[in-house]
Amino acid sequence: MGTVLMLSRVADSLYWMGRYLERAEHTARLIEVNLKQMLDETPEVAEKRWDRVLSCLRVDVEPGHDREAWAVAATLMFNREHMDSIAFCVSAARENARQVREQLTSEIWEQLNSLYLYVREACSEPARKREPHQYLRKVMLGCQQVHGVIEGILYRGEGWRFIQAGRALERGCAVTALLSEHSVEIVKAVTEGGGQFLSWAGILRSCTAFEAYSKTNTADIRPDRMMAFLLVAEHFPRSVLASANLLHESLVGIGGDTNRPDSFRPERLAGKLAAHLGYIAFEEVKPQDYVNLLKETEKSFLDLSKEIQLAWIEYSTPAFADNVLVAQ
């Protein structure tokens, strides 16, 4: 019983550490890409762009909140009170790591703490005047360095698997949401023609996929091929399929380690999602079906998030509860 109870606390912190680091990196990349793309746009077009950025990140903005482009970007970069900001995510990742410090190595802690200290300094009032691209690049590099150290030296046990599960789930959700927000435009471009190279390139760059796509396809980006690449490219680590495969692999490992009967449900759902994506013959998918496919995929990731919480973090202990009832 003691091991299972400890797992709930440790699993929660490691799982969310992985999720928050992935969220901070994805948010930083999305902001950087859109800051560059808005340079030649009118204020009206730029404002619409940032409305879409908020939608891609699934961020709810209170009515009356300043939606001017730089105000939105600054909030997402520096506002430590905003739960979807880079500053909050890095701080939350560090706090979760601190709570399970004994599960991590000193190298992992030092790297994450270094990233946290940099972000905290950047959030001070004078530092807001810094060049935002420098801040965003350092955040992305910092998150990648933390994950690199984790991959390089952390023991491949339950803790590592919970970090991987959080990272994979967050990445799968993020890429699916990004594609979903552009799906109507993609369908229109596929069915009616018309090129929006900068828009498609921006989507690929938001997933660090531009060069990988260009090497496996062509530099002339076709929206249907872009959709297929980001959704079901098995060997591209940031595709939705690769995220689903990693999530399933992590959950299978966790289930085998903990031997909990209720762990089978999230494992099964992850396997079902990975198999569904893996066996899609994308060239046979009609463009009109893209929207529903993405909605169903995003829902599957959200359902998995709930099931993971129930199975390993918020689970009940019926045997212990029965003993308490008997004692009363």
# chains A, B, ... in the order shown; residues from 1 in each chain; ligands from 1
>>> residues_around(residues="range 267-283 of chain A", least_positions_apart="2", cutoff="7 Å", atoms="only C-alpha atoms", output="MDAnalysis selection string")
chainID A and resid 228 232 241 244:245 247:248 251:252 263:265 285 304
>>> select_by_dssp(residues="range 80-117 of chain A", states="alpha helix (DSSP H)", output="PyMOL selection string")
chain A and resi 86-99+106-117
>>> write_last_selection(atoms="N, CA and C atoms", output="PDB file, in the first residue's frame")
ATOM      1  N   ILE A  86       4.105  31.311 -20.555  1.00  0.00           N
ATOM      2  CA  ILE A  86       5.394  30.633 -20.465  1.00  0.00           C
ATOM      3  C   ILE A  86       5.941  30.737 -19.052  1.00  0.00           C
ATOM      4  N   ALA A  87       5.859  31.929 -18.470  1.00  0.00           N
ATOM      5  CA  ALA A  87       6.392  32.145 -17.125  1.00  0.00           C
ATOM      6  C   ALA A  87       5.718  31.228 -16.111  1.00  0.00           C
ATOM      7  N   PHE A  88       4.394  31.099 -16.193  1.00  0.00           N
ATOM      8  CA  PHE A  88       3.679  30.233 -15.259  1.00  0.00           C
ATOM      9  C   PHE A  88       4.067  28.773 -15.473  1.00  0.00           C
ATOM     10  N   CYS A  89       4.133  28.336 -16.732  1.00  0.00           N
ATOM     11  CA  CYS A  89       4.420  26.932 -17.031  1.00  0.00           C
ATOM     12  C   CYS A  89       5.815  26.536 -16.549  1.00  0.00           C
ATOM     13  N   VAL A  90       6.809  27.387 -16.790  1.00  0.00           N
ATOM     14  CA  VAL A  90       8.164  27.081 -16.333  1.00  0.00           C
ATOM     15  C   VAL A  90       8.210  27.037 -14.813  1.00  0.00           C
ATOM     16  N   SER A  91       7.544  27.990 -14.160  1.00  0.00           N
ATOM     17  CA  SER A  91       7.497  28.001 -12.705  1.00  0.00           C
ATOM     18  C   SER A  91       6.797  26.761 -12.158  1.00  0.00           C
ATOM     19  N   ALA A  92       5.700  26.361 -12.801  1.00  0.00           N
ATOM     20  CA  ALA A  92       4.959  25.183 -12.355  1.00  0.00           C
ATOM     21  C   ALA A  92       5.775  23.910 -12.559  1.00  0.00           C
ATOM     22  N   ALA A  93       6.507  23.827 -13.677  1.00  0.00           N
ATOM     23  CA  ALA A  93       7.368  22.670 -13.918  1.00  0.00           C
ATOM     24  C   ALA A  93       8.444  22.572 -12.844  1.00  0.00           C
ATOM     25  N   ARG A  94       9.031  23.701 -12.509  1.00  0.00           N
ATOM     26  CA  ARG A  94      10.080  23.714 -11.484  1.00  0.00           C
ATOM     27  C   ARG A  94       9.524  23.352 -10.118  1.00  0.00           C
ATOM     28  N   GLU A  95       8.329  23.846  -9.777  1.00  0.00           N
ATOM     29  CA  GLU A  95       7.729  23.528  -8.485  1.00  0.00           C
ATOM     30  C   GLU A  95       7.390  22.042  -8.389  1.00  0.00           C
ATOM     31  N   ASN A  96       6.869  21.471  -9.472  1.00  0.00           N
ATOM     32  CA  ASN A  96       6.589  20.037  -9.463  1.00  0.00           C
ATOM     33  C   ASN A  96       7.870  19.228  -9.313  1.00  0.00           C
ATOM     34  N   ALA A  97       8.938  19.672  -9.970  1.00  0.00           N
ATOM     35  CA  ALA A  97      10.221  18.986  -9.827  1.00  0.00           C
ATOM     36  C   ALA A  97      10.751  19.102  -8.399  1.00  0.00           C
ATOM     37  N   ARG A  98      10.571  20.255  -7.783  1.00  0.00           N
ATOM     38  CA  ARG A  98      11.056  20.456  -6.410  1.00  0.00           C
ATOM     39  C   ARG A  98      10.366  19.499  -5.441  1.00  0.00           C
ATOM     40  N   GLN A  99       9.088  19.240  -5.671  1.00  0.00           N
ATOM     41  CA  GLN A  99       8.335  18.373  -4.774  1.00  0.00           C
ATOM     42  C   GLN A  99       8.789  16.915  -4.841  1.00  0.00           C
ATOM     43  N   SER A 106      20.732  15.522  -9.982  1.00  0.00           N
ATOM     44  CA  SER A 106      21.155  16.910  -9.749  1.00  0.00           C
ATOM     45  C   SER A 106      21.281  17.671 -11.061  1.00  0.00           C
ATOM     46  N   GLU A 107      21.701  16.976 -12.136  1.00  0.00           N
ATOM     47  CA  GLU A 107      21.850  17.635 -13.433  1.00  0.00           C
ATOM     48  C   GLU A 107      20.504  18.114 -13.980  1.00  0.00           C
ATOM     49  N   ILE A 108      19.468  17.301 -13.806  1.00  0.00           N
ATOM     50  CA  ILE A 108      18.134  17.696 -14.275  1.00  0.00           C
ATOM     51  C   ILE A 108      17.645  18.897 -13.483  1.00  0.00           C
ATOM     52  N   TRP A 109      17.800  18.829 -12.165  1.00  0.00           N
ATOM     53  CA  TRP A 109      17.341  19.928 -11.326  1.00  0.00           C
ATOM     54  C   TRP A 109      18.083  21.227 -11.656  1.00  0.00           C
ATOM     55  N   GLU A 110      19.384  21.156 -11.840  1.00  0.00           N
ATOM     56  CA  GLU A 110      20.171  22.352 -12.131  1.00  0.00           C
ATOM     57  C   GLU A 110      19.755  22.976 -13.460  1.00  0.00           C
ATOM     58  N   GLN A 111      19.501  22.142 -14.456  1.00  0.00           N
ATOM     59  CA  GLN A 111      19.094  22.663 -15.758  1.00  0.00           C
ATOM     60  C   GLN A 111      17.732  23.333 -15.693  1.00  0.00           C
ATOM     61  N   LEU A 112      16.786  22.690 -15.011  1.00  0.00           N
ATOM     62  CA  LEU A 112      15.446  23.259 -14.882  1.00  0.00           C
ATOM     63  C   LEU A 112      15.471  24.513 -14.030  1.00  0.00           C
ATOM     64  N   ASN A 113      16.238  24.495 -12.960  1.00  0.00           N
ATOM     65  CA  ASN A 113      16.324  25.667 -12.094  1.00  0.00           C
ATOM     66  C   ASN A 113      16.965  26.841 -12.825  1.00  0.00           C
ATOM     67  N   SER A 114      17.942  26.568 -13.677  1.00  0.00           N
ATOM     68  CA  SER A 114      18.585  27.615 -14.468  1.00  0.00           C
ATOM     69  C   SER A 114      17.576  28.263 -15.416  1.00  0.00           C
ATOM     70  N   LEU A 115      16.750  27.448 -16.051  1.00  0.00           N
ATOM     71  CA  LEU A 115      15.699  27.976 -16.937  1.00  0.00           C
ATOM     72  C   LEU A 115      14.721  28.833 -16.139  1.00  0.00           C
ATOM     73  N   TYR A 116      14.324  28.353 -14.970  1.00  0.00           N
ATOM     74  CA  TYR A 116      13.379  29.091 -14.122  1.00  0.00           C
ATOM     75  C   TYR A 116      13.950  30.453 -13.719  1.00  0.00           C
ATOM     76  N   LEU A 117      15.210  30.484 -13.321  1.00  0.00           N
ATOM     77  CA  LEU A 117      15.828  31.744 -12.886  1.00  0.00           C
ATOM     78  C   LEU A 117      15.920  32.734 -14.044  1.00  0.00           C
TER      79      LEU A 117
END
>>> closest_residue(among="A:Met227, A:Thr216, A:Ser85, A:Cys56", to="Leu178 in chain A", atoms="only C-alpha atoms")
A:Cys56
>>> closest_residue(among="A:Arg171, A:Arg80, A:Lys48, A:His147", to="Glu298 in chain A", atoms="only C-alpha atoms")
A:Arg171
>>> closest_atom_pairs(of="range 158-215 of chain A", to="range 15-32 of chain A", cutoff="6 Å", atoms="only C-alpha atoms", output="JSON lines")
{"residue": "A:Phe162", "atom": "CA", "partner": "A:Tyr15", "partner_atom": "CA", "distance": 4.8}
{"residue": "A:Ile163", "atom": "CA", "partner": "A:Gly18", "partner_atom": "CA", "distance": 4.7}
{"residue": "A:Gly166", "atom": "CA", "partner": "A:Arg19", "partner_atom": "CA", "distance": 4.6}
{"residue": "A:Arg167", "atom": "CA", "partner": "A:Gly18", "partner_atom": "CA", "distance": 4.7}
{"residue": "A:Glu170", "atom": "CA", "partner": "A:Arg19", "partner_atom": "CA", "distance": 5.4}
{"residue": "A:Ser206", "atom": "CA", "partner": "A:Leu30", "partner_atom": "CA", "distance": 5.1}
>>> write_last_selection(atoms="all heavy atoms", output="PDB file, in the first residue's frame")
ATOM      1  N   PHE A 162       6.342   8.487 -16.444  1.00  0.00           N
ATOM      2  CA  PHE A 162       5.325   9.501 -16.181  1.00  0.00           C
ATOM      3  C   PHE A 162       5.689  10.830 -16.847  1.00  0.00           C
ATOM      4  O   PHE A 162       4.818  11.533 -17.365  1.00  0.00           O
ATOM      5  CB  PHE A 162       5.134   9.697 -14.673  1.00  0.00           C
ATOM      6  CG  PHE A 162       4.172   8.728 -14.063  1.00  0.00           C
ATOM      7  CD1 PHE A 162       4.602   7.775 -13.144  1.00  0.00           C
ATOM      8  CD2 PHE A 162       2.827   8.743 -14.412  1.00  0.00           C
ATOM      9  CE1 PHE A 162       3.716   6.868 -12.590  1.00  0.00           C
ATOM     10  CE2 PHE A 162       1.935   7.845 -13.864  1.00  0.00           C
ATOM     11  CZ  PHE A 162       2.379   6.899 -12.948  1.00  0.00           C
ATOM     12  N   ILE A 163       6.983  11.178 -16.841  1.00  0.00           N
ATOM     13  CA  ILE A 163       7.413  12.391 -17.539  1.00  0.00           C
ATOM     14  C   ILE A 163       7.132  12.265 -19.031  1.00  0.00           C
ATOM     15  O   ILE A 163       6.606  13.193 -19.665  1.00  0.00           O
ATOM     16  CB  ILE A 163       8.912  12.653 -17.304  1.00  0.00           C
ATOM     17  CG1 ILE A 163       9.179  12.945 -15.825  1.00  0.00           C
ATOM     18  CG2 ILE A 163       9.387  13.828 -18.166  1.00  0.00           C
ATOM     19  CD1 ILE A 163      10.654  13.048 -15.487  1.00  0.00           C
ATOM     20  N   GLY A 166       3.361  12.587 -19.807  1.00  0.00           N
ATOM     21  CA  GLY A 166       2.913  13.973 -19.780  1.00  0.00           C
ATOM     22  C   GLY A 166       3.367  14.750 -20.998  1.00  0.00           C
ATOM     23  O   GLY A 166       2.609  15.514 -21.593  1.00  0.00           O
ATOM     24  N   ARG A 167       4.601  14.526 -21.375  1.00  0.00           N
ATOM     25  CA  ARG A 167       5.162  15.211 -22.542  1.00  0.00           C
ATOM     26  C   ARG A 167       4.425  14.814 -23.817  1.00  0.00           C
ATOM     27  O   ARG A 167       4.063  15.659 -24.644  1.00  0.00           O
ATOM     28  CB  ARG A 167       6.643  14.849 -22.647  1.00  0.00           C
ATOM     29  CG  ARG A 167       7.412  15.537 -23.753  1.00  0.00           C
ATOM     30  CD  ARG A 167       8.829  15.004 -23.779  1.00  0.00           C
ATOM     31  NE  ARG A 167       9.653  15.712 -24.745  1.00  0.00           N
ATOM     32  CZ  ARG A 167      10.898  15.350 -25.056  1.00  0.00           C
ATOM     33  NH1 ARG A 167      11.443  14.312 -24.465  1.00  0.00           N
ATOM     34  NH2 ARG A 167      11.583  16.043 -25.947  1.00  0.00           N
ATOM     35  N   GLU A 170       0.710  16.178 -23.890  1.00  0.00           N
ATOM     36  CA  GLU A 170       0.676  17.619 -24.138  1.00  0.00           C
ATOM     37  C   GLU A 170       1.013  17.936 -25.587  1.00  0.00           C
ATOM     38  O   GLU A 170       0.361  18.770 -26.217  1.00  0.00           O
ATOM     39  CB  GLU A 170       1.665  18.327 -23.209  1.00  0.00           C
ATOM     40  CG  GLU A 170       1.588  19.840 -23.246  1.00  0.00           C
ATOM     41  CD  GLU A 170       0.292  20.390 -22.683  1.00  0.00           C
ATOM     42  OE1 GLU A 170      -0.260  19.772 -21.753  1.00  0.00           O
ATOM     43  OE2 GLU A 170      -0.177  21.448 -23.166  1.00  0.00           O
ATOM     44  N   SER A 206       5.831  26.094 -36.493  1.00  0.00           N
ATOM     45  CA  SER A 206       5.302  26.048 -35.123  1.00  0.00           C
ATOM     46  C   SER A 206       5.498  24.680 -34.491  1.00  0.00           C
ATOM     47  O   SER A 206       5.403  24.537 -33.269  1.00  0.00           O
ATOM     48  CB  SER A 206       3.805  26.406 -35.129  1.00  0.00           C
ATOM     49  OG  SER A 206       3.597  27.732 -35.580  1.00  0.00           O
TER      50      SER A 206
END
>>> closest_residue(among="A:Pro287, A:Pro237, A:Gly172, A:Gly255", to="Val187 in chain A", atoms="only C-alpha atoms")
A:Pro287
>>> atom_distance(atom1="CA of Val175 in chain A", atom2="CA of Lys215 in chain A")
20.1 Å
>>> residues_around(residues="Glu296 in chain A", least_positions_apart="4", cutoff="12 Å", atoms="only C-alpha atoms", output="PyMOL selection string")
chain A and resi 173+176-177+180+273+276-277+289-292+300-303
